[in-house]
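The block underneath contains the structure these notes are about, expressed in structure tokens.
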Amino acid sequence: RQQKWKSSLSTQAKMPPCDFVPEKYESYPYEHVQKIREQNIAPSLRTYYKRPLLLHQGHMQWLFDHEGRRYLDLFAGIVTVSVGHCHPKITMATQNQLSRLWHTTNIYMYPAIHEYAEKLTSLFPDPLKVVYLTNSGSEANDLAMFMARLHTRNFDIISLRGGYHGGSPYTLGLTSLTSYKHGVANGFGCTTTMLPDVFRGPWGGSHCRDSPVQTVRKCSCTEGACLAKDQYIEQFKDTLNTSVPKTVAGFIAEPIQGVNGAVQYPRNFLKEAYQLIRERGGLCISDEVQTGFGRTGSHFWGFQTHGVVPDIVTLAKGIGNGFPMAAVVTTKEIASSLAQNLHFNTFGGNPLACVVGAAVLDAIEEDGLQKNSDDVGTYMLLELAKLRDKFEIVGDVRGKGLMIGVEMVTDKDSRRPLPAEEINQIWEDCKDMGVLIGRGGLYSQTFRIKPPMCITKRDVDFAVEVFHTALQRHVERAA
């Protein structure tokens, strides 16, 4: 049987060519790096894979390890490398700024922050025209919570189960995945409500979500009516009527849940949820840390795919293509609530970050990356759906643009998560064949595919063939 696997592996697609030649690796030997990792780096920072990759260089959608092996990166540094590793435009802009001015703070004016603020806010609908720049998504969501509470003079904030909104003590109350929870008091004033997951939740059907691929569940909905959405809204109302005061500070949701495995809600769920929150004096916060900057393809921001305009939007990850930066975009009125006292961020919006951010926006436009996300993402979703139809263990394929989840199950009827050891082996096999993918979901049962937005259909053909081979190997092992 071992021989058979090897022969099936040899039928895999050829990795698309790449004319980039990485430099020779000249740092510490692998074993020495591992030793430092064990002794000097905090153990909470875990690595992926049985033999963790020692990555040395990146070029657009490709990564190279210390031995010169090339990998197709379908996880983009956890949905962060938006326009491509070491994109020449971003690199050049950063180098130019490095020799001019690294850092001063907002107590002075400097061109970069004003140029970037104008460019970024021009991409938002009215009245979302004021930006506060920070350094990470957790920081941005922390500040959004703070602003919502200050502005409304209410305290309670509602989030969806399965959501990830950061790991700071404040945002851990919004984050609703057990593996991120620590046994210390947190989340005072934060309430979670049922996740409207049309694949794994109690209700869902075959027309619910804004995706080229729907669930295999059947439903009796008529055109323009979604029974699942109505049921989930009833649950939302139940939370409002039982778990929080009559007035709330806000509601936060990702347009598509990221860490939980690209979970999508029924159409119009967010629209109705926003209305219910506003009736109770609350603000609506859209966490665009993973869905922003054209990744969903059809729109630049994830909230636009739901036909809503939030009161506060938080941005991070893809905003800087790997540079540590983030932002909160809101209205002038809400932003003014923070001006009653001092609130200062030393590094937020420093000259380097703003130059990087502006170059990322230029690259998205000039390289046509939103359209590429739409075209290549839709193509990939439809190709992966063929594997769902072929393999019993592929329970659901979902997403929009280049924000894709593939949920693994023991069988489609029970929807029970595929055991971790089986998922691990498929995942390791993909890596061994040169494709890096992420993991997510409550049981780590969903493969997360969120590559740099520059990937091509040829890359997709290669990745899907590799995944197909890994699934085939799993079937052979099980037999």
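As shown in the structure tokens, the chain order sets the letters A, B, ...; within each chain, residues go from 1, and ligands are also counted from 1 in the order they appear.
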
Write down as an MDAnalysis selection string the residues of region 218-359 of chain A whose backbone DSSP state falls under helix (DSSP H, G or I).
chainID A and resid 227:242 269:279 302:306 317:320 332:340 351:359

I'd like the contact shell of Arg209 (chain A) - 8 Å cut-off, only C-alpha atoms, skipping same-chain residues fewer than 6 positions apart - returned as a ChimeraX atom specification.
/A:198,264-267

Could you give me, as a PyMOL selection string, each residue of region 180-357 of chain A that DSSP assigns to strand (DSSP E or B) when run on this structure's backbone?
chain A and resi 190-193+250-253+257+263+283-287+312-315+326-330

Tell me which of A:Ala140, A:Leu63, A:Val33, A:Leu240 sits closest to Ala316 (chain A), counting only C-alpha atoms.
A:Ala140

Students should find that CA of Ala253 (chain A) and CA of Arg278 (chain A) are spaced 14.5 Å

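Taking CA of Lys412 (chain A) and CA of Gly395 (chain A) as endpoints, the distance between them is 5.4 Å.
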
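Every protein or nucleic acid residue with an atom no more than 8 Å from Phe251 (chain A), counting only C-alpha atoms and leaving out same-chain residues fewer than 3 positions away, appears here: Ile157, Ile158, Ser159, Tyr274, Ile277, Gly282, Leu283, Cys284 and Ile285 of chain A.
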
Choose the residue, out of A:Val329, A:Leu338, A:Leu101, A:Leu382, that has the smallest atom-to-atom separation from Val355 (chain A); count only C-alpha atoms.
A:Leu101

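Residues within 10 Å of Gln257 (chain A), counting only C-alpha atoms and excluding same-chain residues fewer than 5 positions away, are Leu160, Arg161, Gly162, Gly163, Tyr164, His165, Leu195, Asp197, Ala262, Val263, Gln264, Tyr265, Asp287, Glu288, Gln290, Thr291, Gly399, Met403, Gly405 and Gly441 of chain A.
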
Store the residues of this selection in a file with N, CA, C and O atoms, as an mmCIF file, in the first residue's frame.
data_model
loop_
_atom_site.group_PDB
_atom_site.id
_atom_site.type_symbol
_atom_site.label_atom_id
_atom_site.label_comp_id
_atom_site.auth_asym_id
_atom_site.auth_seq_id
_atom_site.Cartn_x
_atom_site.Cartn_y
_atom_site.Cartn_z
ATOM 1 N N LEU A 160 -21.132 37.198 17.606
ATOM 2 C CA LEU A 160 -21.606 35.883 17.173
ATOM 3 C C LEU A 160 -20.695 34.780 17.695
ATOM 4 O O LEU A 160 -19.466 34.931 17.692
ATOM 5 N N ARG A 161 -21.263 33.668 18.100
ATOM 6 C CA ARG A 161 -20.443 32.512 18.485
ATOM 7 C C ARG A 161 -19.607 32.076 17.284
ATOM 8 O O ARG A 161 -20.067 32.127 16.148
ATOM 9 N N GLY A 162 -18.384 31.672 17.573
ATOM 10 C CA GLY A 162 -17.485 31.279 16.488
ATOM 11 C C GLY A 162 -16.681 32.441 15.938
ATOM 12 O O GLY A 162 -15.787 32.257 15.129
ATOM 13 N N GLY A 163 -16.991 33.660 16.396
ATOM 14 C CA GLY A 163 -16.264 34.834 15.909
ATOM 15 C C GLY A 163 -14.904 34.955 16.561
ATOM 16 O O GLY A 163 -14.704 34.559 17.710
ATOM 17 N N TYR A 164 -13.960 35.530 15.814
ATOM 18 C CA TYR A 164 -12.643 35.863 16.384
ATOM 19 C C TYR A 164 -12.419 37.356 16.179
ATOM 20 O O TYR A 164 -12.419 37.840 15.044
ATOM 21 N N HIS A 165 -12.234 38.085 17.277
ATOM 22 C CA HIS A 165 -12.058 39.535 17.187
ATOM 23 C C HIS A 165 -10.815 40.016 17.921
ATOM 24 O O HIS A 165 -10.678 41.205 18.188
ATOM 25 N N LEU A 195 -24.696 31.558 16.199
ATOM 26 C CA LEU A 195 -24.089 31.768 14.878
ATOM 27 C C LEU A 195 -25.041 31.254 13.801
ATOM 28 O O LEU A 195 -25.422 30.082 13.818
ATOM 29 N N ASP A 197 -25.026 29.686 11.057
ATOM 30 C CA ASP A 197 -24.200 28.842 10.180
ATOM 31 C C ASP A 197 -25.121 27.894 9.417
ATOM 32 O O ASP A 197 -25.679 26.956 9.999
ATOM 33 N N ALA A 262 -14.293 30.405 7.328
ATOM 34 C CA ALA A 262 -15.058 31.032 6.236
ATOM 35 C C ALA A 262 -16.560 30.739 6.350
ATOM 36 O O ALA A 262 -17.224 30.411 5.371
ATOM 37 N N VAL A 263 -17.100 30.877 7.551
ATOM 38 C CA VAL A 263 -18.532 30.643 7.762
ATOM 39 C C VAL A 263 -19.322 31.850 7.258
ATOM 40 O O VAL A 263 -19.010 32.995 7.582
ATOM 41 N N GLN A 264 -20.346 31.554 6.451
ATOM 42 C CA GLN A 264 -21.206 32.600 5.891
ATOM 43 C C GLN A 264 -22.612 32.524 6.477
ATOM 44 O O GLN A 264 -23.089 31.444 6.798
ATOM 45 N N TYR A 265 -23.248 33.671 6.569
ATOM 46 C CA TYR A 265 -24.603 33.751 7.127
ATOM 47 C C TYR A 265 -25.625 33.753 5.983
ATOM 48 O O TYR A 265 -25.283 34.045 4.842
ATOM 49 N N ASP A 287 -16.123 43.897 11.410
ATOM 50 C CA ASP A 287 -14.723 43.482 11.541
ATOM 51 C C ASP A 287 -14.259 43.001 10.167
ATOM 52 O O ASP A 287 -14.552 41.888 9.748
ATOM 53 N N GLU A 288 -13.523 43.881 9.463
ATOM 54 C CA GLU A 288 -13.056 43.593 8.096
ATOM 55 C C GLU A 288 -11.589 43.160 8.089
ATOM 56 O O GLU A 288 -10.914 43.277 7.065
ATOM 57 N N GLN A 290 -10.205 40.340 7.981
ATOM 58 C CA GLN A 290 -9.889 39.339 6.958
ATOM 59 C C GLN A 290 -10.623 39.561 5.636
ATOM 60 O O GLN A 290 -10.133 39.170 4.588
ATOM 61 N N THR A 291 -11.797 40.202 5.675
ATOM 62 C CA THR A 291 -12.614 40.292 4.454
ATOM 63 C C THR A 291 -12.367 41.550 3.639
ATOM 64 O O THR A 291 -12.863 41.668 2.518
ATOM 65 N N GLY A 399 -17.632 30.141 0.605
ATOM 66 C CA GLY A 399 -16.827 31.356 0.590
ATOM 67 C C GLY A 399 -17.176 32.249 -0.576
ATOM 68 O O GLY A 399 -18.131 32.008 -1.324
ATOM 69 N N MET A 403 -11.660 33.979 -0.195
ATOM 70 C CA MET A 403 -11.887 33.695 1.235
ATOM 71 C C MET A 403 -12.708 32.413 1.264
ATOM 72 O O MET A 403 -13.935 32.428 1.147
ATOM 73 N N GLY A 405 -13.488 28.263 2.595
ATOM 74 C CA GLY A 405 -13.412 27.225 3.627
ATOM 75 C C GLY A 405 -13.839 25.885 3.053
ATOM 76 O O GLY A 405 -14.782 25.813 2.262
ATOM 77 N N GLY A 441 -12.031 26.596 12.415
ATOM 78 C CA GLY A 441 -13.245 25.938 12.874
ATOM 79 C C GLY A 441 -13.143 25.536 14.329
ATOM 80 O O GLY A 441 -12.055 25.415 14.889
#

Taking 3 positions as the minimum chain separation for residues in the same chain, which residues sit within 6 Å of Ala327 (chain A) when counting only C-alpha atoms? Answer as a list in words.
Tyr132, Leu133, Thr134, Ala140, Thr314 and Leu315 of chain A

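Counting only C-alpha atoms, the residue from A:Thr104, A:Thr456, A:Asn321, A:Asn372 that sits nearest to Thr91 (chain A) is A:Asn321.
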
Just want the 12 Å neighbourhood of Gln370 (chain A), counted on only C-alpha atoms, with same-chain residues fewer than 4 positions away dropped. Output as a VMD selection string.
chain A and resid 82 to 83 291 to 302 361 to 366 374 to 377 400 to 402 452 to 455

Could you please determine the separation between CA of Ile404 (chain A) and CA of Ile449 (chain A) in Å, to one decimal place?
5.0 Å

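Minimum distance to Gln97 (chain A) across A:Asp19, A:Val308, A:Pro351, A:Asp210 (counting only C-alpha atoms) occurs at A:Pro351.
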
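Between Arg153 (chain A) and the residues A:Ser136, A:Leu128, A:Gly167, A:Gly250, the shortest atom-to-atom distance, using only C-alpha atoms, involves A:Gly250.
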